[in-house]
$ cat coords.cif   # mmCIF, C-alpha atoms and all ligand atoms
data_upload
#
loop_
_atom_site.label_atom_id
_atom_site.label_comp_id
_atom_site.auth_asym_id
_atom_site.auth_seq_id
_atom_site.Cartn_x
_atom_site.Cartn_y
_atom_site.Cartn_z
CA MET A 1 38.83 89.98 78.83
CA SER A 2 38.91 88.01 82.02
CA GLN A 3 40.64 89.30 85.15
CA ARG A 4 43.75 87.65 86.56
CA ILE A 5 42.53 85.41 89.32
CA PRO A 6 44.33 86.24 92.57
CA THR A 7 46.25 83.57 94.41
CA GLY A 8 44.93 82.42 97.76
CA PRO A 9 47.34 84.62 99.75
CA GLU A 10 46.53 87.65 97.54
CA ARG A 11 42.84 87.20 98.17
CA GLN A 12 43.38 86.79 101.91
CA GLN A 13 45.36 90.02 101.86
CA GLN A 14 42.63 91.85 99.93
CA ILE A 15 40.02 90.70 102.44
CA TYR A 16 42.10 91.63 105.51
CA GLN A 17 43.02 95.03 104.01
CA ALA A 18 39.37 95.81 103.28
CA GLY A 19 38.58 94.70 106.83
CA ALA A 20 41.13 97.17 108.21
CA MET A 21 39.11 99.92 106.43
CA GLY A 22 35.92 98.64 108.05
CA ARG A 23 34.65 96.57 105.13
CA LYS A 24 33.85 92.97 105.99
CA PRO A 25 32.99 90.49 103.20
CA THR A 26 29.32 90.80 102.26
CA ILE A 27 29.19 87.35 100.68
CA PRO A 28 29.63 84.78 103.45
CA LEU A 29 32.74 82.63 103.19
CA SER A 30 31.23 79.56 104.81
CA TYR A 31 28.84 77.50 102.71
CA SER A 32 26.25 77.14 105.46
CA ASP A 33 26.27 80.89 106.17
CA LEU A 34 25.93 81.56 102.44
CA GLU A 35 22.95 79.24 102.19
CA ALA A 36 21.38 80.74 105.33
CA LEU A 37 21.71 84.26 103.92
CA ALA A 38 20.17 83.14 100.62
CA LYS A 39 17.34 81.51 102.54
CA SER A 40 16.62 84.77 104.36
CA LYS A 41 16.34 86.61 101.04
CA LEU A 42 14.30 84.15 99.00
CA PRO A 43 10.64 83.16 99.04
CA GLN A 44 10.35 79.82 100.86
CA GLU A 45 9.33 77.90 97.75
CA ALA A 46 12.27 79.20 95.68
CA TYR A 47 14.71 78.41 98.49
CA ASP A 48 13.25 74.91 98.85
CA TYR A 49 13.44 74.33 95.10
CA VAL A 50 17.20 74.96 95.10
CA ALA A 51 18.06 73.47 98.49
CA GLY A 52 15.98 70.34 98.21
CA GLY A 53 16.54 66.88 96.87
CA ALA A 54 14.77 63.61 96.27
CA GLY A 55 12.73 61.94 99.02
CA SER A 56 14.43 61.89 102.41
CA GLU A 57 17.35 63.91 100.94
CA ASN A 58 19.59 61.12 102.12
CA THR A 59 21.48 61.19 98.80
CA MET A 60 22.35 64.84 99.36
CA ALA A 61 23.74 64.00 102.80
CA THR A 62 25.57 60.98 101.38
CA ASN A 63 27.15 63.16 98.70
CA LEU A 64 28.72 65.30 101.41
CA ALA A 65 29.63 62.33 103.63
CA ALA A 66 31.47 60.71 100.71
CA PHE A 67 34.09 63.46 100.88
CA ASP A 68 34.73 62.72 104.56
CA ARG A 69 35.80 59.19 103.71
CA TRP A 70 38.92 60.64 102.13
CA ARG A 71 41.46 62.74 104.02
CA ILE A 72 44.25 64.78 102.46
CA VAL A 73 47.82 63.85 103.34
CA PRO A 74 49.79 67.13 103.10
CA ARG A 75 53.37 66.86 101.83
CA MET A 76 56.18 69.28 102.69
CA MET A 77 59.23 70.85 101.02
CA ARG A 78 58.02 70.56 97.43
CA ASN A 79 58.56 74.11 96.12
CA VAL A 80 55.03 75.34 95.67
CA GLU A 81 56.06 78.96 95.20
CA ARG A 82 54.46 79.11 91.74
CA ARG A 83 51.18 77.32 91.67
CA ASP A 84 49.09 76.71 88.58
CA MET A 85 45.67 75.10 88.59
CA ALA A 86 45.06 75.47 84.86
CA VAL A 87 43.55 72.51 83.09
CA GLU A 88 43.07 71.70 79.43
CA LEU A 89 39.64 70.48 78.51
CA GLY A 90 38.20 70.09 75.05
CA GLY A 91 41.19 71.82 73.53
CA ARG A 92 40.81 74.89 75.72
CA ASN A 93 42.89 76.00 78.63
CA MET A 94 40.77 76.72 81.68
CA PRO A 95 42.23 78.83 84.50
CA ALA A 96 40.85 76.53 87.21
CA PRO A 97 39.28 73.05 87.24
CA ILE A 98 35.81 74.46 87.85
CA LEU A 99 32.82 74.78 85.53
CA LEU A 100 29.43 76.13 86.43
CA ALA A 101 26.91 73.31 86.53
CA PRO A 102 23.69 73.78 84.61
CA VAL A 103 21.11 75.05 87.08
CA GLY A 104 17.66 75.65 85.67
CA VAL A 105 15.26 78.50 86.24
CA LEU A 106 17.71 80.84 87.97
CA GLY A 107 15.15 83.61 87.55
CA ILE A 108 13.48 82.40 90.74
CA VAL A 109 16.54 83.43 92.78
CA HIS A 110 17.56 86.64 91.00
CA PRO A 111 16.08 88.72 88.17
CA ASP A 112 19.40 88.80 86.28
CA ALA A 113 19.53 84.98 86.45
CA GLU A 114 21.78 83.41 83.78
CA LEU A 115 22.88 86.82 82.50
CA ALA A 116 24.56 87.56 85.82
CA VAL A 117 26.15 84.12 85.84
CA ALA A 118 27.44 84.61 82.29
CA ARG A 119 29.04 87.94 83.22
CA ALA A 120 30.66 86.50 86.34
CA CYS A 121 32.06 83.58 84.35
CA LYS A 122 33.41 85.86 81.68
CA ALA A 123 35.16 88.01 84.29
CA LEU A 124 36.96 84.95 85.62
CA GLY A 125 37.47 83.08 82.34
CA LEU A 126 35.39 80.14 83.55
CA THR A 127 33.01 78.02 81.49
CA MET A 128 29.29 78.23 82.08
CA ILE A 129 27.06 75.27 81.29
CA LEU A 130 23.68 76.73 80.43
CA SER A 131 20.59 74.72 81.33
CA THR A 132 17.87 73.99 78.78
CA LEU A 133 15.52 75.30 81.46
CA SER A 134 16.97 78.79 81.57
CA SER A 135 15.10 81.98 82.31
CA PHE A 136 16.78 83.77 79.37
CA THR A 137 17.23 82.28 75.91
CA LEU A 138 20.42 80.51 74.98
CA GLU A 139 21.01 83.17 72.31
CA ASN A 140 20.76 85.95 74.94
CA VAL A 141 23.18 84.17 77.24
CA ALA A 142 25.56 83.40 74.38
CA GLU A 143 26.08 87.12 73.86
CA LEU A 144 27.49 87.45 77.37
CA ALA A 145 29.18 84.17 78.18
CA ALA A 146 32.66 83.93 76.74
CA HIS A 147 33.00 80.19 77.29
CA ARG A 148 29.77 78.31 77.14
CA TRP A 149 28.48 74.77 76.94
CA PHE A 150 24.82 73.91 76.46
CA GLN A 151 23.02 71.37 78.60
CA LEU A 152 20.26 69.49 76.81
CA TYR A 153 17.19 68.01 78.35
CA TRP A 154 16.39 65.52 75.65
CA SER A 155 12.76 66.05 74.69
CA ASN A 156 10.59 63.14 73.60
CA ASP A 157 9.79 65.31 70.57
CA GLN A 158 12.90 64.71 68.48
CA ASP A 159 12.26 67.86 66.43
CA ILE A 160 12.57 69.95 69.60
CA ALA A 161 15.74 68.14 70.67
CA ALA A 162 17.27 68.59 67.21
CA SER A 163 16.22 72.23 67.06
CA MET A 164 17.76 73.06 70.44
CA VAL A 165 21.02 71.36 69.48
CA ALA A 166 21.14 73.30 66.20
CA ARG A 167 20.43 76.57 68.00
CA ALA A 168 23.15 75.92 70.57
CA GLU A 169 25.68 75.13 67.87
CA ALA A 170 24.69 78.23 65.87
CA ALA A 171 25.02 80.38 69.01
CA GLY A 172 28.61 79.30 69.52
CA PHE A 173 28.25 76.89 72.40
CA GLU A 174 31.40 74.81 72.54
CA ALA A 175 30.01 71.51 73.81
CA LEU A 176 26.74 69.70 74.41
CA VAL A 177 26.01 68.25 77.84
CA VAL A 178 23.21 65.71 77.67
CA THR A 179 21.66 65.09 81.05
CA LEU A 180 20.60 61.46 81.26
CA ASP A 181 19.47 61.28 84.89
CA THR A 182 16.31 63.36 84.49
CA PRO A 183 13.96 61.86 81.91
CA ILE A 184 11.36 62.65 84.57
CA ILE A 185 11.68 64.73 87.73
CA GLY A 186 12.47 62.92 90.99
CA TRP A 187 10.13 62.68 93.99
CA ARG A 188 10.96 65.99 95.65
CA GLU A 189 9.00 66.26 98.86
CA ARG A 190 9.64 69.94 99.48
CA ASP A 191 8.36 70.98 96.06
CA LEU A 192 5.39 68.65 96.33
CA GLN A 193 4.56 70.01 99.80
CA ASN A 194 4.79 73.57 98.47
CA ALA A 195 2.87 72.43 95.37
CA TYR A 196 5.51 74.41 93.50
CA LEU A 197 7.09 73.70 90.15
CA PRO A 198 8.26 76.96 88.54
CA PHE A 199 7.91 75.63 85.00
CA LEU A 200 4.17 75.25 85.45
CA GLN A 201 4.06 79.03 85.90
CA GLY A 202 5.93 79.42 82.62
CA LYS A 203 9.25 80.13 84.38
CA GLY A 204 12.51 78.71 83.04
CA LEU A 205 10.98 78.03 79.63
CA ALA A 206 12.62 80.77 77.56
CA ASN A 207 14.31 78.25 75.26
CA TYR A 208 11.05 76.41 74.60
CA PHE A 209 8.98 79.56 74.12
CA THR A 210 11.37 80.74 71.40
CA ASP A 211 11.82 77.39 69.70
CA PRO A 212 10.13 76.94 66.28
CA ALA A 213 9.67 73.19 66.77
CA PHE A 214 8.08 73.74 70.18
CA LEU A 215 5.82 76.55 69.01
CA LYS A 216 4.70 74.86 65.79
CA PRO A 217 1.50 73.11 67.00
CA LEU A 218 0.41 75.99 69.28
CA SER A 219 -2.28 78.19 67.81
CA LYS A 220 -1.42 81.12 70.11
CA SER A 221 1.96 82.25 71.38
CA PRO A 222 2.82 81.55 75.06
CA GLU A 223 2.65 85.30 75.67
CA GLU A 224 -0.94 85.34 74.42
CA GLU A 225 -2.02 82.13 76.14
CA LEU A 226 0.27 80.52 78.70
CA LEU A 227 -1.64 77.38 79.69
CA PRO A 228 -1.47 75.42 76.40
CA ALA A 229 2.24 76.24 76.14
CA VAL A 230 2.91 75.00 79.66
CA MET A 231 0.89 71.87 79.02
CA ARG A 232 2.88 71.21 75.87
CA PHE A 233 6.10 71.63 77.84
CA ALA A 234 4.88 69.11 80.43
CA GLN A 235 4.17 66.64 77.62
CA VAL A 236 7.44 67.02 75.71
CA PHE A 237 10.01 67.72 78.46
CA GLY A 238 11.57 64.33 79.06
CA ASN A 239 12.04 61.03 77.34
CA THR A 240 11.82 57.85 79.38
CA ALA A 241 12.08 55.63 76.28
CA LEU A 242 15.71 56.44 75.44
CA THR A 243 18.34 53.71 75.16
CA TRP A 244 22.06 53.98 74.48
CA SER A 245 21.63 53.46 70.74
CA ASP A 246 19.64 56.74 70.62
CA LEU A 247 22.83 58.67 71.31
CA ALA A 248 23.54 58.25 67.59
CA PHE A 249 20.65 60.65 66.94
CA LEU A 250 22.49 63.50 68.66
CA ARG A 251 25.87 62.38 67.32
CA GLY A 252 24.46 62.68 63.79
CA ARG A 253 23.17 66.19 64.41
CA THR A 254 26.10 68.01 65.91
CA LYS A 255 29.82 68.37 65.52
CA LEU A 256 30.07 69.53 69.12
CA PRO A 257 31.66 67.24 71.67
CA ILE A 258 28.96 65.37 73.59
CA TRP A 259 29.29 64.98 77.35
CA VAL A 260 26.85 62.71 79.16
CA LYS A 261 25.82 63.91 82.62
CA GLY A 262 24.44 61.77 85.40
CA ILE A 263 26.73 58.74 85.21
CA GLN A 264 27.15 56.79 88.47
CA ALA A 265 27.85 53.25 87.24
CA GLU A 266 31.09 52.11 85.60
CA GLU A 267 29.15 50.05 83.06
CA ASP A 268 27.23 53.17 81.97
CA ALA A 269 30.50 55.04 81.52
CA ARG A 270 31.73 52.27 79.20
CA LEU A 271 28.43 52.20 77.28
CA ALA A 272 28.47 55.98 76.89
CA ILE A 273 31.94 55.90 75.35
CA ASP A 274 31.03 52.94 73.13
CA HIS A 275 28.07 54.96 71.83
CA GLY A 276 30.11 58.03 71.00
CA ALA A 277 30.23 60.21 74.13
CA ASN A 278 33.29 62.46 74.22
CA GLY A 279 33.23 63.00 77.96
CA ILE A 280 31.61 61.69 81.14
CA ILE A 281 30.10 63.76 83.93
CA VAL A 282 29.89 61.76 87.13
CA SER A 283 26.89 63.29 88.89
CA ASN A 284 23.73 62.40 90.75
CA HIS A 285 22.16 65.78 90.05
CA GLY A 286 23.04 67.03 93.52
CA GLY A 287 20.89 64.31 95.09
CA ARG A 288 17.74 65.61 93.44
CA GLN A 289 16.74 62.52 91.49
CA VAL A 290 17.18 59.19 93.31
CA ASP A 291 16.72 59.03 97.07
CA GLY A 292 19.01 56.54 98.79
CA ALA A 293 21.63 56.61 96.02
CA ILE A 294 25.37 56.28 96.49
CA GLY A 295 27.41 59.40 97.11
CA SER A 296 28.64 60.73 93.78
CA LEU A 297 32.28 60.79 94.96
CA THR A 298 32.00 57.11 95.84
CA ALA A 299 31.03 56.44 92.22
CA LEU A 300 34.05 58.28 90.85
CA PRO A 301 37.05 55.92 91.34
CA PRO A 302 35.50 52.85 89.66
CA ILE A 303 34.38 55.00 86.74
CA VAL A 304 37.88 56.47 86.38
CA GLU A 305 39.21 52.91 86.38
CA ALA A 306 36.69 51.79 83.74
CA VAL A 307 37.25 54.79 81.47
CA LYS A 308 41.04 54.32 81.48
CA ASP A 309 41.80 57.81 80.12
CA ARG A 310 39.78 57.23 76.93
CA VAL A 311 37.73 60.39 77.54
CA PRO A 312 37.90 63.16 80.15
CA ILE A 313 35.81 62.95 83.31
CA LEU A 314 34.06 65.73 85.18
CA PHE A 315 32.55 65.35 88.61
CA ASP A 316 29.74 67.01 90.56
CA SER A 317 27.37 66.70 93.49
CA GLY A 318 28.59 67.99 96.81
CA ILE A 319 31.47 70.32 95.94
CA ARG A 320 31.44 73.00 98.60
CA ARG A 321 35.06 73.97 99.25
CA GLY A 322 38.58 73.81 97.82
CA ALA A 323 39.35 70.58 99.65
CA ASP A 324 36.40 68.91 97.90
CA ILE A 325 37.78 69.87 94.50
CA PHE A 326 41.20 68.62 95.56
CA LYS A 327 39.75 65.24 96.50
CA ALA A 328 37.72 64.87 93.30
CA VAL A 329 40.76 65.72 91.16
CA ALA A 330 42.96 63.39 93.21
CA LEU A 331 40.47 60.59 92.54
CA GLY A 332 40.70 61.17 88.80
CA ALA A 333 38.32 63.96 87.77
CA ASN A 334 39.78 66.40 85.24
CA ALA A 335 37.62 69.16 86.70
CA VAL A 336 34.44 69.66 88.72
CA LEU A 337 31.06 71.31 88.33
CA VAL A 338 29.62 73.47 91.05
CA GLY A 339 25.85 73.89 91.41
CA ARG A 340 24.25 75.19 94.58
CA PRO A 341 27.20 77.29 95.83
CA TYR A 342 27.07 79.75 92.93
CA THR A 343 23.26 79.68 92.95
CA TRP A 344 23.30 80.94 96.54
CA GLY A 345 25.91 83.53 95.49
CA LEU A 346 23.49 84.69 92.79
CA ALA A 347 20.64 84.86 95.29
CA VAL A 348 22.57 87.02 97.76
CA GLY A 349 24.55 89.25 95.43
CA GLY A 350 23.71 88.80 91.74
CA GLU A 351 26.74 88.86 89.46
CA THR A 352 29.03 89.99 92.28
CA GLY A 353 27.77 87.20 94.49
CA VAL A 354 28.50 84.56 91.85
CA ARG A 355 31.97 86.01 91.22
CA GLU A 356 32.83 86.18 94.92
CA VAL A 357 31.73 82.60 95.58
CA LEU A 358 33.81 81.33 92.67
CA LEU A 359 36.85 83.38 93.66
CA ASN A 360 36.66 82.05 97.20
CA LEU A 361 36.45 78.52 95.90
CA ILE A 362 39.40 78.95 93.56
CA CYS A 363 41.56 80.67 96.18
CA ASP A 364 40.69 78.04 98.76
CA LEU A 365 41.80 75.38 96.26
CA ASP A 366 45.03 77.29 95.57
CA LEU A 367 45.88 77.25 99.28
CA THR A 368 44.84 73.62 99.71
CA MET A 369 47.10 72.63 96.83
CA GLY A 370 50.04 74.68 98.01
CA LEU A 371 49.77 73.51 101.61
CA SER A 372 49.52 69.90 100.45
CA GLY A 373 52.67 70.17 98.34
CA CYS A 374 51.02 70.37 94.91
CA ALA A 375 52.22 73.02 92.46
CA THR A 376 49.98 71.85 89.62
CA LEU A 377 46.96 69.63 89.19
CA ARG A 378 49.28 66.90 87.93
CA ASP A 379 50.55 66.63 91.51
CA VAL A 380 47.02 66.19 92.85
CA LYS A 381 46.97 62.42 92.77
CA ALA A 382 45.41 59.61 94.76
CA ASP A 383 48.63 59.21 96.76
CA ARG A 384 47.76 62.50 98.48
CA LEU A 385 44.62 60.91 99.92
CA HIS A 386 44.08 58.56 102.82
CA ALA A 387 40.90 56.48 102.96
CA VAL A 388 39.19 56.38 106.37
C1 LIG B 1 20.22 71.47 89.07
N1 LIG B 1 20.88 70.57 88.22
C2 LIG B 1 20.57 70.57 86.87
N2 LIG B 1 21.24 69.74 86.04
C3 LIG B 1 21.00 69.76 84.72
O1 LIG B 1 21.63 68.99 83.99
N3 LIG B 1 20.07 70.62 84.20
C4 LIG B 1 19.36 71.47 84.98
O2 LIG B 1 18.55 72.26 84.50
C5 LIG B 1 19.59 71.43 86.37
N4 LIG B 1 18.87 72.22 87.21
C6 LIG B 1 19.19 72.28 88.55
C7 LIG B 1 18.51 73.16 89.38
C8 LIG B 1 18.87 73.27 90.72
C9 LIG B 1 18.16 74.25 91.59
C10 LIG B 1 19.94 72.48 91.22
C11 LIG B 1 20.39 72.62 92.65
C12 LIG B 1 20.58 71.60 90.42
C13 LIG B 1 21.96 69.72 88.74
C14 LIG B 1 23.28 70.46 88.65
O3 LIG B 1 23.71 70.60 87.32
C15 LIG B 1 24.39 69.71 89.40
O4 LIG B 1 24.44 68.37 88.95
C16 LIG B 1 24.19 69.73 90.90
O5 LIG B 1 23.73 70.98 91.33
C17 LIG B 1 25.53 69.43 91.57
O6 LIG B 1 25.39 69.33 92.91
P1 LIG B 1 25.68 70.51 93.96
O7 LIG B 1 26.94 71.25 93.49
O8 LIG B 1 24.49 71.41 93.91
O9 LIG B 1 25.84 69.77 95.21
#

$ encode --input "coords.cif" --output "structure tokens"
Amino acid sequence: MSQRIPTGPERQQQIYQAGAMGRKPTIPLSYSDLEALAKSKLPQEAYDYVAGGAGSENTMATNLAAFDRWRIVPRMMRNVERRDMAVELGGRNMPAPILLAPVGVLGIVHPDAELAVARACKALGLTMILSTLSSFTLENVAELAAHRWFQLYWSNDQDIAASMVARAEAAGFEALVVTLDTPIIGWRERDLQNAYLPFLQGKGLANYFTDPAFLKPLSKSPEEELLPAVMRFAQVFGNTALTWSDLAFLRGRTKLPIWVKGIQAEEDARLAIDHGANGIIVSNHGGRQVDGAIGSLTALPPIVEAVKDRVPILFDSGIRRGADIFKAVALGANAVLVGRPYTWGLAVGGETGVREVLLNLICDLDLTMGLSGCATLRDVKADRLHAV
């Protein structure tokens, strides 16, 4: 059972009451303080892996700057006494328009990794999108996550791709998220400088190391001999040869709704729908793939226009606070994904850290909505924004 999520004022009260008894919040409220605390607790290379992006990291900065180009126009006297931020997505009612973005190899920031994230999500009734590159197997995580979607990195070995999809469906994942923006890993200067890629140490490969199609050609198990297994992973991970018509391969292998993640161009949104996608995730992978790319929020309005309500749209890359969620929803996203914020929460406080970060985000959004005259997400429309 998930807990009732407090309203913004209830959470403020809880925090001030605890403060009166001498207990200050242990998980920083501000994003930059949260990241700084995580940095102080993590090995440099793990911190850099999460914090970093492609090349000059200009896309990461642009993602954040894109939010500043929109300002909220608060409206008064609209009876916001009862506020509700529930949203229906894929036939399920979600308590808040927030899903947890797939973040790979969480074991480098906390030993409980995806298990802690699954428990935090369950407590709040939120949906977790599990990465292919998880530190625990998808079956392990499925036991703990009440609402779960599986993110697929589409291997160039179709047997592995098909096997992972079948496993996810058998384990009760409710949707498939196919990440299209990472057929190969971007030029990440921090990781190259640290000469650090966790997968090459066998980390984040639990789903591969338990997959029959992956293991088939290996003469020894990864536990017995790591190097050949890691080399096989490096060979099969991505698929640069894919074209839109290949989406039929996945469509033919699963009944699950298919969301495509990494869309930034309106034409790609149209093509995705034409080829059977059930949902679009507007994302630039948190600026980790293409240096010098447009801010993800800048990509959102034209895609919303092109999709014309044919399928739902999720948004990510740069969500840090309630106001950011408000702006993305006002510009047409049905809900958002959050990546680094909960990862830092995990780093500083495990399951509690993830839960606290998410609660703060939700309560911040509740207050932003109420103070802007929006009782429900239906009121969060483009007319509440001013372009600067
Ligand atoms: C990611 N992201 C990601 N995406 C995906 O589809 N599969 C994955 O395994 C990962 N792994 C991953 C690791 C790390 C450390 C980060 C920071 C991100 C991208 C992620 O799902 C999401 O698109 C971004 O994190 C969103 O941007 P913000 O919220 O981090 O700004």

$ closest_residue --input "coords.cif" --among "A:Ala96, A:Ala65, A:Ile280, A:Ala299" --to "Thr376 (chain A)" --atoms "all atoms listed in the file"
A:Ala96

$ residues_near_point --input "coords.cif" --point "(25.6, 84.3, 75.0)" --cutoff "12 Å" --atoms "all atoms listed in the file" --output "ChimeraX atom specification"
/A:114-119,121-122,127-130,136-150,167-174

$ closest_atom_pairs --input "coords.cif" --of "chain A" --to "ligand LIG 1 (chain B)" --cutoff "9 Å" --atoms "all atoms listed in the file" --output "JSON lines"
{"residue": "A:Ala46", "atom": "CA", "partner": "B:LIG1", "partner_atom": "C9", "distance": 8.7}
{"residue": "A:Tyr47", "atom": "CA", "partner": "B:LIG1", "partner_atom": "C9", "distance": 8.8}
{"residue": "A:Asp48", "atom": "CA", "partner": "B:LIG1", "partner_atom": "C9", "distance": 8.8}
{"residue": "A:Tyr49", "atom": "CA", "partner": "B:LIG1", "partner_atom": "C9", "distance": 5.9}
{"residue": "A:Val50", "atom": "CA", "partner": "B:LIG1", "partner_atom": "C9", "distance": 3.7}
{"residue": "A:Ala51", "atom": "CA", "partner": "B:LIG1", "partner_atom": "C11", "distance": 6.3}
{"residue": "A:Gly52", "atom": "CA", "partner": "B:LIG1", "partner_atom": "C11", "distance": 7.5}
{"residue": "A:Gly53", "atom": "CA", "partner": "B:LIG1", "partner_atom": "C11", "distance": 8.1}
{"residue": "A:Met60", "atom": "CA", "partner": "B:LIG1", "partner_atom": "O9", "distance": 7.3}
{"residue": "A:Asn63", "atom": "CA", "partner": "B:LIG1", "partner_atom": "O9", "distance": 7.6}
{"residue": "A:Leu64", "atom": "CA", "partner": "B:LIG1", "partner_atom": "O9", "distance": 8.2}
{"residue": "A:Leu100", "atom": "CA", "partner": "B:LIG1", "partner_atom": "O3", "distance": 8.0}
{"residue": "A:Ala101", "atom": "CA", "partner": "B:LIG1", "partner_atom": "O3", "distance": 4.3}
{"residue": "A:Pro102", "atom": "CA", "partner": "B:LIG1", "partner_atom": "O3", "distance": 4.2}
{"residue": "A:Val103", "atom": "CA", "partner": "B:LIG1", "partner_atom": "N4", "distance": 3.6}
{"residue": "A:Gly104", "atom": "CA", "partner": "B:LIG1", "partner_atom": "O2", "distance": 3.7}
{"residue": "A:Val105", "atom": "CA", "partner": "B:LIG1", "partner_atom": "C7", "distance": 7.0}
{"residue": "A:Leu106", "atom": "CA", "partner": "B:LIG1", "partner_atom": "C9", "distance": 7.5}
{"residue": "A:Ile129", "atom": "CA", "partner": "B:LIG1", "partner_atom": "O3", "distance": 8.3}
{"residue": "A:Leu130", "atom": "CA", "partner": "B:LIG1", "partner_atom": "O2", "distance": 7.9}
{"residue": "A:Ser131", "atom": "CA", "partner": "B:LIG1", "partner_atom": "O2", "distance": 4.5}
{"residue": "A:Thr132", "atom": "CA", "partner": "B:LIG1", "partner_atom": "O2", "distance": 6.0}
{"residue": "A:Leu133", "atom": "CA", "partner": "B:LIG1", "partner_atom": "O2", "distance": 5.3}
{"residue": "A:Ser134", "atom": "CA", "partner": "B:LIG1", "partner_atom": "O2", "distance": 7.3}
{"residue": "A:Gln151", "atom": "CA", "partner": "B:LIG1", "partner_atom": "O1", "distance": 6.1}
{"residue": "A:Leu152", "atom": "CA", "partner": "B:LIG1", "partner_atom": "O1", "distance": 7.3}
{"residue": "A:Tyr153", "atom": "CA", "partner": "B:LIG1", "partner_atom": "N3", "distance": 7.0}
{"residue": "A:Val177", "atom": "CA", "partner": "B:LIG1", "partner_atom": "O1", "distance": 7.6}
{"residue": "A:Val178", "atom": "CA", "partner": "B:LIG1", "partner_atom": "O1", "distance": 7.3}
{"residue": "A:Thr179", "atom": "CA", "partner": "B:LIG1", "partner_atom": "O1", "distance": 4.9}
{"residue": "A:Leu180", "atom": "CA", "partner": "B:LIG1", "partner_atom": "O1", "distance": 8.1}
{"residue": "A:Asp181", "atom": "CA", "partner": "B:LIG1", "partner_atom": "O1", "distance": 8.1}
{"residue": "A:Thr182", "atom": "CA", "partner": "B:LIG1", "partner_atom": "O1", "distance": 7.8}
{"residue": "A:Gly204", "atom": "CA", "partner": "B:LIG1", "partner_atom": "O2", "distance": 9.0}
{"residue": "A:Lys261", "atom": "CA", "partner": "B:LIG1", "partner_atom": "O1", "distance": 6.7}
{"residue": "A:Gly262", "atom": "CA", "partner": "B:LIG1", "partner_atom": "O4", "distance": 7.5}
{"residue": "A:Ile281", "atom": "CA", "partner": "B:LIG1", "partner_atom": "O4", "distance": 8.9}
{"residue": "A:Val282", "atom": "CA", "partner": "B:LIG1", "partner_atom": "O4", "distance": 8.8}
{"residue": "A:Ser283", "atom": "CA", "partner": "B:LIG1", "partner_atom": "O4", "distance": 5.6}
{"residue": "A:Asn284", "atom": "CA", "partner": "B:LIG1", "partner_atom": "O4", "distance": 6.3}
{"residue": "A:His285", "atom": "CA", "partner": "B:LIG1", "partner_atom": "O4", "distance": 3.6}
{"residue": "A:Gly286", "atom": "CA", "partner": "B:LIG1", "partner_atom": "O6", "distance": 3.3}
{"residue": "A:Gly287", "atom": "CA", "partner": "B:LIG1", "partner_atom": "O6", "distance": 7.1}
{"residue": "A:Arg288", "atom": "CA", "partner": "B:LIG1", "partner_atom": "C12", "distance": 7.3}
{"residue": "A:Phe315", "atom": "CA", "partner": "B:LIG1", "partner_atom": "C17", "distance": 8.6}
{"residue": "A:Asp316", "atom": "CA", "partner": "B:LIG1", "partner_atom": "C17", "distance": 5.0}
{"residue": "A:Ser317", "atom": "CA", "partner": "B:LIG1", "partner_atom": "O6", "distance": 3.3}
{"residue": "A:Gly318", "atom": "CA", "partner": "B:LIG1", "partner_atom": "O9", "distance": 3.6}
{"residue": "A:Ile319", "atom": "CA", "partner": "B:LIG1", "partner_atom": "O7", "distance": 5.2}
{"residue": "A:Arg320", "atom": "CA", "partner": "B:LIG1", "partner_atom": "O7", "distance": 7.0}
{"residue": "A:Leu337", "atom": "CA", "partner": "B:LIG1", "partner_atom": "O7", "distance": 6.6}
{"residue": "A:Val338", "atom": "CA", "partner": "B:LIG1", "partner_atom": "O7", "distance": 4.3}
{"residue": "A:Gly339", "atom": "CA", "partner": "B:LIG1", "partner_atom": "O7", "distance": 3.5}
{"residue": "A:Arg340", "atom": "CA", "partner": "B:LIG1", "partner_atom": "O8", "distance": 3.8}
{"residue": "A:Pro341", "atom": "CA", "partner": "B:LIG1", "partner_atom": "O7", "distance": 6.5}
{"residue": "A:Tyr342", "atom": "CA", "partner": "B:LIG1", "partner_atom": "O7", "distance": 8.5}
{"residue": "A:Thr343", "atom": "CA", "partner": "B:LIG1", "partner_atom": "C9", "distance": 7.6}

$ atom_distance --input "coords.cif" --atom1 "CA of Leu227 (chain A)" --atom2 "CA of Phe214 (chain A)"
14.1 Å

$ closest_residue --input "coords.cif" --among "A:Ser30, A:Thr254, A:Ser135, A:Asn194" --to "Thr210 (chain A)" --atoms "all atoms listed in the file"
A:Ser135

$ atom_distance --input "coords.cif" --atom1 "CA of Asn156 (chain A)" --atom2 "CA of Tyr208 (chain A)"
13.3 Å

$ closest_residue --input "coords.cif" --among "A:Asp364, A:Asp68, A:Asp159, A:Glu45" --to "Leu297 (chain A)" --atoms "only C-alpha atoms"
A:Asp68

$ residues_near_point --input "coords.cif" --point "(8.0, 65.8, 91.1)" --cutoff "12 Å" --atoms "only C-alpha atoms" --output "count of residues only"
28

$ residues_around --input "coords.cif" --residues "Ala375 (chain A)" --least-positions-apart "3" --cutoff "7 Å" --atoms "only C-alpha atoms" --output "ChimeraX atom specification"
/A:80,82-84,369-370,379

$ closest_residue --input "coords.cif" --among "A:Asp246, A:Pro6, A:Arg232, A:Gly107" --to "Lys203 (chain A)" --atoms "all atoms listed in the file"
A:Gly107

$ closest_residue --input "coords.cif" --among "A:Leu126, A:Leu205, A:Ala161, A:Ile27" --to "Ala347 (chain A)" --atoms "all atoms listed in the file"
A:Ile27

$ atom_distance --input "coords.cif" --atom1 "CA of Leu331 (chain A)" --atom2 "CA of Trp244 (chain A)"
26.6 Å
